[in-house]
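Novice: Encoded as structure tokens, here's the structure I'll be asking about.
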Amino acid sequence: MFDYEELQDALIEGDEDELLDQVEDLLEQGASPVEIIGEGMMGGMSVVGDRFAANEMFVPEVLMCANAMNLAVDRLKPLMEGEKIATKGKVVIGTVKGDLHDIGKNLVAMFLEASGFEVVDLGVDTTPEKFVAEAKAGAQIIGMSALLTTSMVVMGQVMDLLVEEGLRDSVYVIIGGAPVSPEYADEIKADGFSKDAAGAAKLCTKLLA
Ligand code: B12
């Protein structure tokens with residue numbers, strides 16, 4: 001078990017340089033990228049979430065934390081990429097229209113790549129049309145992320161558009177993000193939900209097995 005306190009403090013402060021130093025320290029001590037993200041940075045981000053909700057932190061500060069976390073994840077990403085022998089399948093991922101949160105989506109993309117999937121990342125604020133165009137272009141799985149209760153509804157719009165275009169049976173759809181639940185996945189008839197990035201990779205492997 002490693003001590004993540006200083007790493008978490010640096011993340012909560014949004015101090016990029018200190019966070020990157022802490023990441024290097026933990027790597028030297030033998031912590032794995034998955035541990036640093038899952039046990040270290042996620043804990044820090046959860047404190048940020050609580051303080052944001054309690055109006056103790058505001059958007060500009062939270063943005064600094066998010067940027068620092070994305071940088072640290074970029075540093076760890078090359079260490080997680082396994083040998084890409086054969087691709088397990090193609091997944092298109094994006095944060096839905098109206099929503100700019102991308103940390104969780106980026107983590108899911110990273111875990112999928114590390115598990116051997118080809119990933120097309122559509123970024124944030126993704127329209128239903130863009131997801132559906134990728135399904136037409138041969139993606140086997142669509143992964144949608146939403147962090148706002150107001151943007152979650154776009155997931156249902158993507159499902160409707162897939163049906164309209166006659167594509168619903170040729171692509172799997174998985175969803176995630178803090179306000180999303182397995183019940184919501186059932187409601188919009190998605191094929192799966194995962195609460196985290198490691199689970200998302202397992203889910204995709206299971207769907208395409
Ligand atoms: C960071 C953050 C921001 C940053 C985002 C920066 C960025 N580059 O992403 C900034 C400052 C820009 C921001 C802005 C806003 N935010 Co904000 N934000 C957050 C915060 C604190 C953390 C989110 C995060 O990154 N978590 C860490 C990641 C790793 O977790 P995650 O996203 O949940 O992802 C994991 C899983 O959910 C899952 N997953 C995620 N996606 C997917 C996809 C698939 C397919 C699968 C299978 C799994 C999966 O796997 C991931 C990894 O394990 C949350 C608080 C919270 N509790 O979530 C609020 C929060 C989401 N924000 C909120 C709000 C209100 C806003 C603003 C409207 C604020 C404002 N007044 O402007 C704006 C909206 C901007 C927009 N249009 O999107 C609210 C939403 C409330 C609601 N119910 O809708 C929250 C919940 C805060 C709160 N309690 O009030 N925010």
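Residue numbering restarts at 1 for every chain of the structure tokens, chains are lettered A, B, ... in their displayed order, and ligands are numbered from 1 as they appear.
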Name the residues in contact with segment 92-107 of chain A at a cut-off of 9 Å, using only C-alpha atoms, excluding same-chain residues fewer than 2 positions from it; report them as a PyMOL selection string.
Specialist: chain A and resi 66-67+69-70+73+90+109-112+118-128+131+134-135+139-148+150-152+154-155+176-177+196-198
Novice: Deliver the residues from the most recent selection as a file, using N, CA and C atoms, as a compact mmCIF listing (two decimals), in the first residue's frame.
Specialist:
```
# COMPACT_ATOMS: atom_id res chain seq x y z
N ALA A 66 -8.74 19.38 -12.93
CA ALA A 66 -9.03 18.48 -14.06
C ALA A 66 -7.87 18.48 -15.05
N ASN A 67 -7.34 19.67 -15.34
CA ASN A 67 -6.23 19.75 -16.28
C ASN A 67 -5.00 19.02 -15.74
N MET A 69 -5.02 16.56 -13.63
CA MET A 69 -5.26 15.10 -13.67
C MET A 69 -5.08 14.57 -15.09
N ASN A 70 -5.61 15.29 -16.08
CA ASN A 70 -5.46 14.83 -17.47
C ASN A 70 -3.98 14.74 -17.86
N VAL A 73 -2.48 11.69 -16.23
CA VAL A 73 -2.95 10.48 -16.91
C VAL A 73 -2.18 10.31 -18.24
N LYS A 90 -13.43 -2.56 -32.49
CA LYS A 90 -13.36 -1.10 -32.57
C LYS A 90 -14.45 -0.47 -31.72
N ALA A 109 -11.24 5.38 -22.34
CA ALA A 109 -10.55 5.19 -23.63
C ALA A 109 -9.18 4.55 -23.40
N MET A 110 -8.49 5.04 -22.36
CA MET A 110 -7.15 4.54 -22.09
C MET A 110 -7.17 3.06 -21.68
N PHE A 111 -8.11 2.70 -20.80
CA PHE A 111 -8.21 1.30 -20.37
C PHE A 111 -8.59 0.40 -21.55
N LEU A 112 -9.45 0.90 -22.44
CA LEU A 112 -9.85 0.10 -23.59
C LEU A 112 -8.64 -0.15 -24.49
N GLU A 118 -9.27 -1.06 -30.51
CA GLU A 118 -9.01 0.15 -31.30
C GLU A 118 -10.05 1.17 -30.84
N VAL A 119 -9.60 2.38 -30.47
CA VAL A 119 -10.54 3.37 -29.92
C VAL A 119 -10.58 4.62 -30.80
N VAL A 120 -11.78 5.00 -31.20
CA VAL A 120 -11.98 6.27 -31.89
C VAL A 120 -12.58 7.22 -30.85
N ASP A 121 -11.84 8.26 -30.49
CA ASP A 121 -12.31 9.18 -29.45
C ASP A 121 -12.88 10.44 -30.10
N LEU A 122 -14.18 10.62 -29.95
CA LEU A 122 -14.84 11.78 -30.58
C LEU A 122 -14.77 13.04 -29.71
N GLY A 123 -14.16 12.94 -28.53
CA GLY A 123 -14.01 14.12 -27.68
C GLY A 123 -15.27 14.43 -26.90
N VAL A 124 -15.47 15.72 -26.63
CA VAL A 124 -16.63 16.13 -25.83
C VAL A 124 -17.70 16.75 -26.73
N ASP A 125 -18.89 17.02 -26.14
CA ASP A 125 -19.95 17.73 -26.87
C ASP A 125 -20.28 17.03 -28.19
N THR A 126 -20.41 15.71 -28.13
CA THR A 126 -20.59 14.90 -29.34
C THR A 126 -22.07 14.75 -29.70
N THR A 127 -22.42 15.10 -30.92
CA THR A 127 -23.82 15.00 -31.35
C THR A 127 -24.19 13.54 -31.62
N PRO A 128 -25.49 13.21 -31.53
CA PRO A 128 -25.93 11.86 -31.88
C PRO A 128 -25.49 11.47 -33.29
N PHE A 131 -21.94 10.00 -33.38
CA PHE A 131 -21.85 8.62 -32.88
C PHE A 131 -22.37 7.66 -33.95
N GLU A 134 -20.12 6.93 -36.89
CA GLU A 134 -19.04 5.98 -36.58
C GLU A 134 -19.56 4.55 -36.56
N ALA A 135 -20.80 4.38 -36.13
CA ALA A 135 -21.40 3.04 -36.16
C ALA A 135 -21.51 2.59 -37.62
N ALA A 139 -17.78 0.79 -36.33
CA ALA A 139 -17.51 0.59 -34.91
C ALA A 139 -18.43 -0.52 -34.39
N GLN A 140 -17.89 -1.41 -33.55
CA GLN A 140 -18.73 -2.49 -33.01
C GLN A 140 -19.39 -2.09 -31.70
N ILE A 141 -18.79 -1.10 -31.02
CA ILE A 141 -19.36 -0.64 -29.75
C ILE A 141 -19.35 0.88 -29.72
N ILE A 142 -20.47 1.46 -29.27
CA ILE A 142 -20.51 2.91 -29.00
C ILE A 142 -20.46 3.07 -27.49
N GLY A 143 -19.53 3.89 -26.99
CA GLY A 143 -19.46 4.19 -25.55
C GLY A 143 -19.77 5.65 -25.32
N MET A 144 -20.78 5.92 -24.51
CA MET A 144 -21.15 7.32 -24.26
C MET A 144 -20.94 7.67 -22.79
N SER A 145 -20.41 8.88 -22.57
CA SER A 145 -20.18 9.37 -21.22
C SER A 145 -21.02 10.63 -21.00
N ALA A 146 -21.62 10.74 -19.81
CA ALA A 146 -22.35 11.96 -19.43
C ALA A 146 -22.15 12.20 -17.95
N LEU A 147 -21.87 13.44 -17.58
CA LEU A 147 -21.68 13.80 -16.16
C LEU A 147 -22.78 14.72 -15.66
N LEU A 148 -23.65 15.15 -16.56
CA LEU A 148 -24.71 16.08 -16.16
C LEU A 148 -26.06 15.40 -16.33
N THR A 150 -28.62 16.84 -17.12
CA THR A 150 -29.25 17.45 -18.31
C THR A 150 -28.71 16.87 -19.62
N SER A 151 -27.50 16.33 -19.63
CA SER A 151 -26.96 15.81 -20.89
C SER A 151 -27.22 14.31 -21.06
N MET A 152 -27.60 13.64 -19.96
CA MET A 152 -27.87 12.20 -20.03
C MET A 152 -28.91 11.84 -21.09
N VAL A 154 -29.31 12.85 -23.94
CA VAL A 154 -28.76 12.70 -25.30
C VAL A 154 -28.48 11.22 -25.61
N MET A 155 -28.17 10.46 -24.55
CA MET A 155 -27.92 9.02 -24.75
C MET A 155 -29.15 8.35 -25.36
N GLY A 176 -21.89 5.37 -19.38
CA GLY A 176 -21.34 5.58 -18.05
C GLY A 176 -21.23 7.06 -17.72
N GLY A 177 -20.75 7.34 -16.51
CA GLY A 177 -20.68 8.72 -16.01
C GLY A 177 -21.41 8.79 -14.69
N ASP A 196 -16.92 2.14 -13.71
CA ASP A 196 -15.53 2.60 -13.83
C ASP A 196 -14.85 2.09 -15.09
N ALA A 197 -13.61 2.58 -15.30
CA ALA A 197 -12.91 2.33 -16.56
C ALA A 197 -12.49 0.85 -16.70
N ALA A 198 -12.05 0.26 -15.60
CA ALA A 198 -11.64 -1.15 -15.68
C ALA A 198 -12.84 -2.02 -16.03
```
Novice: To one decimal place in Å, what is the distance between atom CA of Asp191 of chain A and atom 34 (O, counted along the ligand's line) of ligand 1?
Specialist: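 So the two atoms, atom CA of Asp191 of chain A and atom 34 (O, counted along the ligand's line) of ligand 1, lie 18.3 Å apart.
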Novice: When you draw a straight line from atom CA of Met42 of chain A to atom 36 (C, counted along the ligand's line) of ligand 1, how long is it in Å?
Specialist: 10.1 Å
Novice: Between A:Gly192, A:Pro33, A:Gly43, A:Gly49, which is the closest to ligand 1 once you count only C-alpha atoms and all ligand atoms?
Specialist: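 When distances to ligand 1 are compared using only C-alpha atoms and all ligand atoms, the smallest one comes from A:Gly49.
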Novice: Can you tell me, as a ChimeraX atom specification, what residues are no more than 12 Å from Gln22 of chain A when counting only C-alpha atoms, ignoring any on the same chain fewer than 6 positions away?
Specialist: /A:2-11,15-16,28-29,31,36,40-41,68-69,72,75
Novice: Please produce a file of those selected residues containing C-alpha atoms, as a JSON list (two decimals), in the first residue's frame.
Specialist:
```
[["chain", "number", "residue", "atom", "x", "y", "z"],
["A", 2, "PHE", "CA", 1.43, 3.37, -0.99],
["A", 3, "ASP", "CA", 0.91, 6.74, 0.62],
["A", 4, "TYR", "CA", -1.17, 8.87, -1.73],
["A", 5, "GLU", "CA", -1.67, 11.87, 0.55],
["A", 6, "GLU", "CA", 0.82, 14.20, -1.14],
["A", 7, "LEU", "CA", -0.37, 13.16, -4.59],
["A", 8, "GLN", "CA", -3.96, 13.88, -3.59],
["A", 9, "ASP", "CA", -3.02, 17.24, -2.04],
["A", 10, "ALA", "CA", -1.26, 18.25, -5.28],
["A", 11, "LEU", "CA", -4.32, 17.24, -7.33],
["A", 15, "ASP", "CA", -0.61, 22.00, -8.89],
["A", 16, "GLU", "CA", 0.50, 20.34, -12.15],
["A", 28, "GLU", "CA", 9.88, 4.87, -8.43],
["A", 29, "GLN", "CA", 8.46, 3.30, -5.28],
["A", 31, "ALA", "CA", 3.24, 1.76, -7.66],
["A", 36, "ILE", "CA", -1.84, 5.63, -9.02],
["A", 40, "GLY", "CA", -4.54, 7.83, -5.71],
["A", 41, "MET", "CA", -5.99, 10.33, -8.14],
["A", 68, "ALA", "CA", -3.61, 18.53, -13.83],
["A", 69, "MET", "CA", -5.26, 15.10, -13.67],
["A", 72, "ALA", "CA", -0.82, 13.06, -15.11],
["A", 75, "ARG", "CA", 2.14, 10.66, -18.41]]
```
Novice: For each of A:Gln157, A:Cys204, A:Glu164, A:Glu18, take the minimum atom-to-atom distance to Gly116 of chain A, counting only C-alpha atoms, then give the residue where this is smallest.
Specialist: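 That would be A:Cys204, the residue with the smallest distance to Gly116 of chain A.
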